[in-house]
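For reference, the structure discussed in these notes is given below.
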Amino acid sequence: MTSPQTSGALPTADLSGVLDGSLPPGLYRWRPSEGDPGPAEGPEEAGWDSRVVDLADVSGTAGFLERCAESLGFPDSFGHNWDALADCLTDLSWTDPPEQGRLLLVRGWDRFTEAAPRDAATAADVLAAAVGFWGGRATPMTVLLS
């Protein structure tokens, strides 16, 4: 069975819709347009905690987990496995709570999916579960796969 994350079935989001709340928190594809604010300045100004995970040259589970740990500032106790990733994404107690929500931009998603389709499907499932966890809370999470 093909996962929606690997088949491209995810809805596409524009960053301004995420930031102004017209799009619900979720896991989306993102292809920047000229009108979109940059991921560095727009979200912070709108009260979002914005983090970027760059998957350049990542071709498997170990690289993906390491890049997440580095980019998201996981605690030293991070176990470098899928369960530990899920735990860290749903327990962000070491971070300050943002005013509006958390935005995670994952760059290089298509290359990662081509290099490691099963790992990408698992990663997408973990990210979707984290989005679902935060969905009913005061500070939701949105993940944009770019």
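As shown in the structure tokens, the chain order sets the letters A, B, ...; within each chain, residues go from 1, and ligands are also counted from 1 in the order they appear.
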Query - Which of chain A fall in strand (DSSP E), as a PyMOL selection string - result: chain A and resi 27-29+48-54+101-107+141-145
Could you turn the residues from that selection into a file that holds C-alpha atoms, as a PDB file, in the first residue's frame?
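Generated output (out_18.pdb):
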```
ATOM      1  CA  LEU A  27       0.888  18.144   7.603  1.00  0.00           C
ATOM      2  CA  TYR A  28       1.152  19.857   4.222  1.00  0.00           C
ATOM      3  CA  ARG A  29       3.262  20.110   1.105  1.00  0.00           C
ATOM      4  CA  TRP A  48       5.011  31.110  15.768  1.00  0.00           C
ATOM      5  CA  ASP A  49       8.049  29.113  16.863  1.00  0.00           C
ATOM      6  CA  SER A  50       9.520  28.229  13.478  1.00  0.00           C
ATOM      7  CA  ARG A  51      12.190  25.591  12.944  1.00  0.00           C
ATOM      8  CA  VAL A  52      13.766  24.338   9.714  1.00  0.00           C
ATOM      9  CA  VAL A  53      15.028  20.796   9.189  1.00  0.00           C
ATOM     10  CA  ASP A  54      17.189  20.672   6.072  1.00  0.00           C
ATOM     11  CA  GLY A 101       1.881  27.579  17.446  1.00  0.00           C
ATOM     12  CA  ARG A 102       4.824  25.581  16.216  1.00  0.00           C
ATOM     13  CA  LEU A 103       5.846  25.468  12.584  1.00  0.00           C
ATOM     14  CA  LEU A 104       8.257  22.881  11.287  1.00  0.00           C
ATOM     15  CA  LEU A 105       9.547  23.341   7.753  1.00  0.00           C
ATOM     16  CA  VAL A 106      11.229  20.236   6.345  1.00  0.00           C
ATOM     17  CA  ARG A 107      13.335  21.134   3.314  1.00  0.00           C
ATOM     18  CA  MET A 141       1.862  22.280  15.287  1.00  0.00           C
ATOM     19  CA  THR A 142       1.987  22.503  11.516  1.00  0.00           C
ATOM     20  CA  VAL A 143       4.563  20.703   9.400  1.00  0.00           C
ATOM     21  CA  LEU A 144       5.379  21.855   5.876  1.00  0.00           C
ATOM     22  CA  LEU A 145       7.232  19.427   3.614  1.00  0.00           C
TER      23      LEU A 145
END
```
Requested in this report: Enumerate as a list of chain:residue names all residues of segment 4-74 of chain A assigned to alpha helix (DSSP H) by DSSP on the backbone, naming them with the chain letters and numbers the document uses.
Outcome: A:Pro4, A:Gln5, A:Thr6, A:Ser7, A:Leu15, A:Ser16, A:Gly17, A:Val18, A:Leu19, A:Gly42, A:Pro43, A:Glu44, A:Glu45, A:Thr61, A:Ala62, A:Gly63, A:Phe64, A:Leu65, A:Glu66, A:Arg67, A:Cys68, A:Ala69, A:Glu70, A:Ser71, A:Leu72
Query raised in the report: From the list A:Thr139, A:Ala129, A:Arg67, A:Pro32, which residue is nearest Asp14 of chain A when using only C-alpha atoms?
Result: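 Smallest distance to Asp14 of chain A is found for A:Pro32.
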Query raised in the report: With only C-alpha atoms as the basis for distance, which of A:Trp109, A:Pro97, A:Ala62, A:Asp76 is at the shortest distance from Ala124 of chain A?
Result: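 Nearest to Ala124 of chain A: A:Trp109.
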Query - Who sits within 9 Å of Phe64 of chain A, only C-alpha atoms, same chain under 6 positions skipped, as a list of chain:residue names - result: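 Those residues are A:Val53, A:Leu55, A:Val58, A:Phe112, A:Asp119, A:Ala120, A:Ala123.
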Atoms to include: C-alpha atoms. Write the selected residues as an mmCIF file, in the first residue's frame.
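Below you can see out-v8.cif, which holds the result:
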```
data_model
loop_
_atom_site.group_PDB
_atom_site.id
_atom_site.type_symbol
_atom_site.label_atom_id
_atom_site.label_comp_id
_atom_site.auth_asym_id
_atom_site.auth_seq_id
_atom_site.Cartn_x
_atom_site.Cartn_y
_atom_site.Cartn_z
ATOM 1 C CA VAL A 53 15.028 20.796 9.189
ATOM 2 C CA LEU A 55 17.429 17.171 4.641
ATOM 3 C CA VAL A 58 20.095 12.793 4.065
ATOM 4 C CA PHE A 112 14.704 12.258 0.961
ATOM 5 C CA ASP A 119 12.018 5.933 5.921
ATOM 6 C CA ALA A 120 10.179 8.941 4.496
ATOM 7 C CA ALA A 123 8.904 9.952 9.150
#
```
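Atom to atom, atom CA of Gly42 of chain A and atom CA of Thr122 of chain A stand 29.2 Å apart.
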Query raised in the report: Quick one: residues within 12 Å of Asp91 of chain A, only C-alpha atoms counted, chain neighbours fewer than 2 positions away excluded, as a ChimeraX atom specification?
Result: /A:74-75,78,84-89,93-97,130,133-134
Would you write out those residues with N, CA, C and O atoms, as a PDB file, in the first residue's frame?
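In the end it all went to again.pdb:
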```
ATOM      1  N   PHE A  74      16.879  18.919  20.281  1.00  0.00           N
ATOM      2  CA  PHE A  74      16.432  17.887  21.199  1.00  0.00           C
ATOM      3  C   PHE A  74      17.410  17.748  22.362  1.00  0.00           C
ATOM      4  O   PHE A  74      18.607  17.979  22.210  1.00  0.00           O
ATOM      5  N   PRO A  75      16.904  17.310  23.507  1.00  0.00           N
ATOM      6  CA  PRO A  75      17.794  17.103  24.660  1.00  0.00           C
ATOM      7  C   PRO A  75      18.820  15.999  24.379  1.00  0.00           C
ATOM      8  O   PRO A  75      18.625  15.154  23.495  1.00  0.00           O
ATOM      9  N   PHE A  78      17.932  12.252  23.777  1.00  0.00           N
ATOM     10  CA  PHE A  78      17.243  11.774  22.578  1.00  0.00           C
ATOM     11  C   PHE A  78      17.826  10.435  22.143  1.00  0.00           C
ATOM     12  O   PHE A  78      19.032  10.298  21.963  1.00  0.00           O
ATOM     13  N   ALA A  84      11.674   7.634  19.888  1.00  0.00           N
ATOM     14  CA  ALA A  84      12.254   8.803  20.562  1.00  0.00           C
ATOM     15  C   ALA A  84      11.877  10.092  19.828  1.00  0.00           C
ATOM     16  O   ALA A  84      11.619  11.118  20.464  1.00  0.00           O
ATOM     17  N   LEU A  85      11.839  10.043  18.491  1.00  0.00           N
ATOM     18  CA  LEU A  85      11.412  11.207  17.728  1.00  0.00           C
ATOM     19  C   LEU A  85       9.972  11.561  18.088  1.00  0.00           C
ATOM     20  O   LEU A  85       9.653  12.726  18.347  1.00  0.00           O
ATOM     21  N   ALA A  86       9.096  10.564  18.108  1.00  0.00           N
ATOM     22  CA  ALA A  86       7.700  10.802  18.473  1.00  0.00           C
ATOM     23  C   ALA A  86       7.607  11.400  19.875  1.00  0.00           C
ATOM     24  O   ALA A  86       6.849  12.355  20.101  1.00  0.00           O
ATOM     25  N   ASP A  87       8.381  10.867  20.800  1.00  0.00           N
ATOM     26  CA  ASP A  87       8.365  11.385  22.173  1.00  0.00           C
ATOM     27  C   ASP A  87       8.811  12.844  22.221  1.00  0.00           C
ATOM     28  O   ASP A  87       8.183  13.668  22.889  1.00  0.00           O
ATOM     29  N   CYS A  88       9.886  13.164  21.529  1.00  0.00           N
ATOM     30  CA  CYS A  88      10.404  14.534  21.561  1.00  0.00           C
ATOM     31  C   CYS A  88       9.453  15.513  20.877  1.00  0.00           C
ATOM     32  O   CYS A  88       9.308  16.652  21.321  1.00  0.00           O
ATOM     33  N   LEU A  89       8.791  15.083  19.814  1.00  0.00           N
ATOM     34  CA  LEU A  89       7.864  15.978  19.117  1.00  0.00           C
ATOM     35  C   LEU A  89       6.579  16.220  19.903  1.00  0.00           C
ATOM     36  O   LEU A  89       5.877  17.197  19.653  1.00  0.00           O
ATOM     37  N   SER A  93       8.812  20.263  26.318  1.00  0.00           N
ATOM     38  CA  SER A  93       8.905  21.003  27.579  1.00  0.00           C
ATOM     39  C   SER A  93      10.203  21.786  27.717  1.00  0.00           C
ATOM     40  O   SER A  93      10.272  22.709  28.526  1.00  0.00           O
ATOM     41  N   TRP A  94      11.215  21.461  26.947  1.00  0.00           N
ATOM     42  CA  TRP A  94      12.477  22.200  27.028  1.00  0.00           C
ATOM     43  C   TRP A  94      12.443  23.477  26.183  1.00  0.00           C
ATOM     44  O   TRP A  94      13.384  24.250  26.175  1.00  0.00           O
ATOM     45  N   THR A  95      11.348  23.707  25.463  1.00  0.00           N
ATOM     46  CA  THR A  95      11.206  24.916  24.650  1.00  0.00           C
ATOM     47  C   THR A  95      10.195  25.855  25.280  1.00  0.00           C
ATOM     48  O   THR A  95       9.331  25.430  26.047  1.00  0.00           O
ATOM     49  N   ASP A  96      10.299  27.119  24.968  1.00  0.00           N
ATOM     50  CA  ASP A  96       9.301  28.087  25.422  1.00  0.00           C
ATOM     51  C   ASP A  96       8.050  27.931  24.579  1.00  0.00           C
ATOM     52  O   ASP A  96       8.142  27.801  23.353  1.00  0.00           O
ATOM     53  N   PRO A  97       6.869  27.964  25.200  1.00  0.00           N
ATOM     54  CA  PRO A  97       5.653  27.845  24.395  1.00  0.00           C
ATOM     55  C   PRO A  97       5.459  29.089  23.529  1.00  0.00           C
ATOM     56  O   PRO A  97       5.573  30.213  24.018  1.00  0.00           O
ATOM     57  N   ALA A 130       2.436  13.695  15.489  1.00  0.00           N
ATOM     58  CA  ALA A 130       2.769  14.840  16.338  1.00  0.00           C
ATOM     59  C   ALA A 130       1.828  16.002  16.073  1.00  0.00           C
ATOM     60  O   ALA A 130       1.359  16.666  17.007  1.00  0.00           O
ATOM     61  N   PHE A 133      -1.365  15.225  17.799  1.00  0.00           N
ATOM     62  CA  PHE A 133      -1.231  15.395  19.244  1.00  0.00           C
ATOM     63  C   PHE A 133      -1.411  16.859  19.639  1.00  0.00           C
ATOM     64  O   PHE A 133      -2.131  17.175  20.580  1.00  0.00           O
ATOM     65  N   TRP A 134      -0.746  17.759  18.913  1.00  0.00           N
ATOM     66  CA  TRP A 134      -0.792  19.174  19.252  1.00  0.00           C
ATOM     67  C   TRP A 134      -2.068  19.859  18.759  1.00  0.00           C
ATOM     68  O   TRP A 134      -2.390  20.963  19.186  1.00  0.00           O
TER      69      TRP A 134
END
```
Query raised in the report: atom CA of Gly132 of chain A to atom CA of Leu23 of chain A: how many Å, to one decimal?
Result: 14.5 Å
Query raised in the report: So which one's closest to Val18 of chain A, A:Thr90, A:Gln100, A:Arg118, A:Leu127? Using only C-alpha atoms, please.
Result: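 That would be A:Gln100, the residue with the smallest distance to Val18 of chain A.
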Report task. Between atom CA of Glu45 of chain A and atom CA of Gly17 of chain A, measure the distance and give it in Å to one decimal. Result ->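 Pair atom CA of Glu45 of chain A / atom CA of Gly17 of chain A returns 14.4 Å.
Nearest residue to Ala46 of chain A, choosing from A:Asn81, A:Ser59, A:Ser16, A:Thr113 and counting only C-alpha atoms: A:Ser16.
Distance check against Trp82 of chain A using only C-alpha atoms: of A:Ala115, A:Val131, A:Val126, A:Leu15, the minimum falls on A:Val126.
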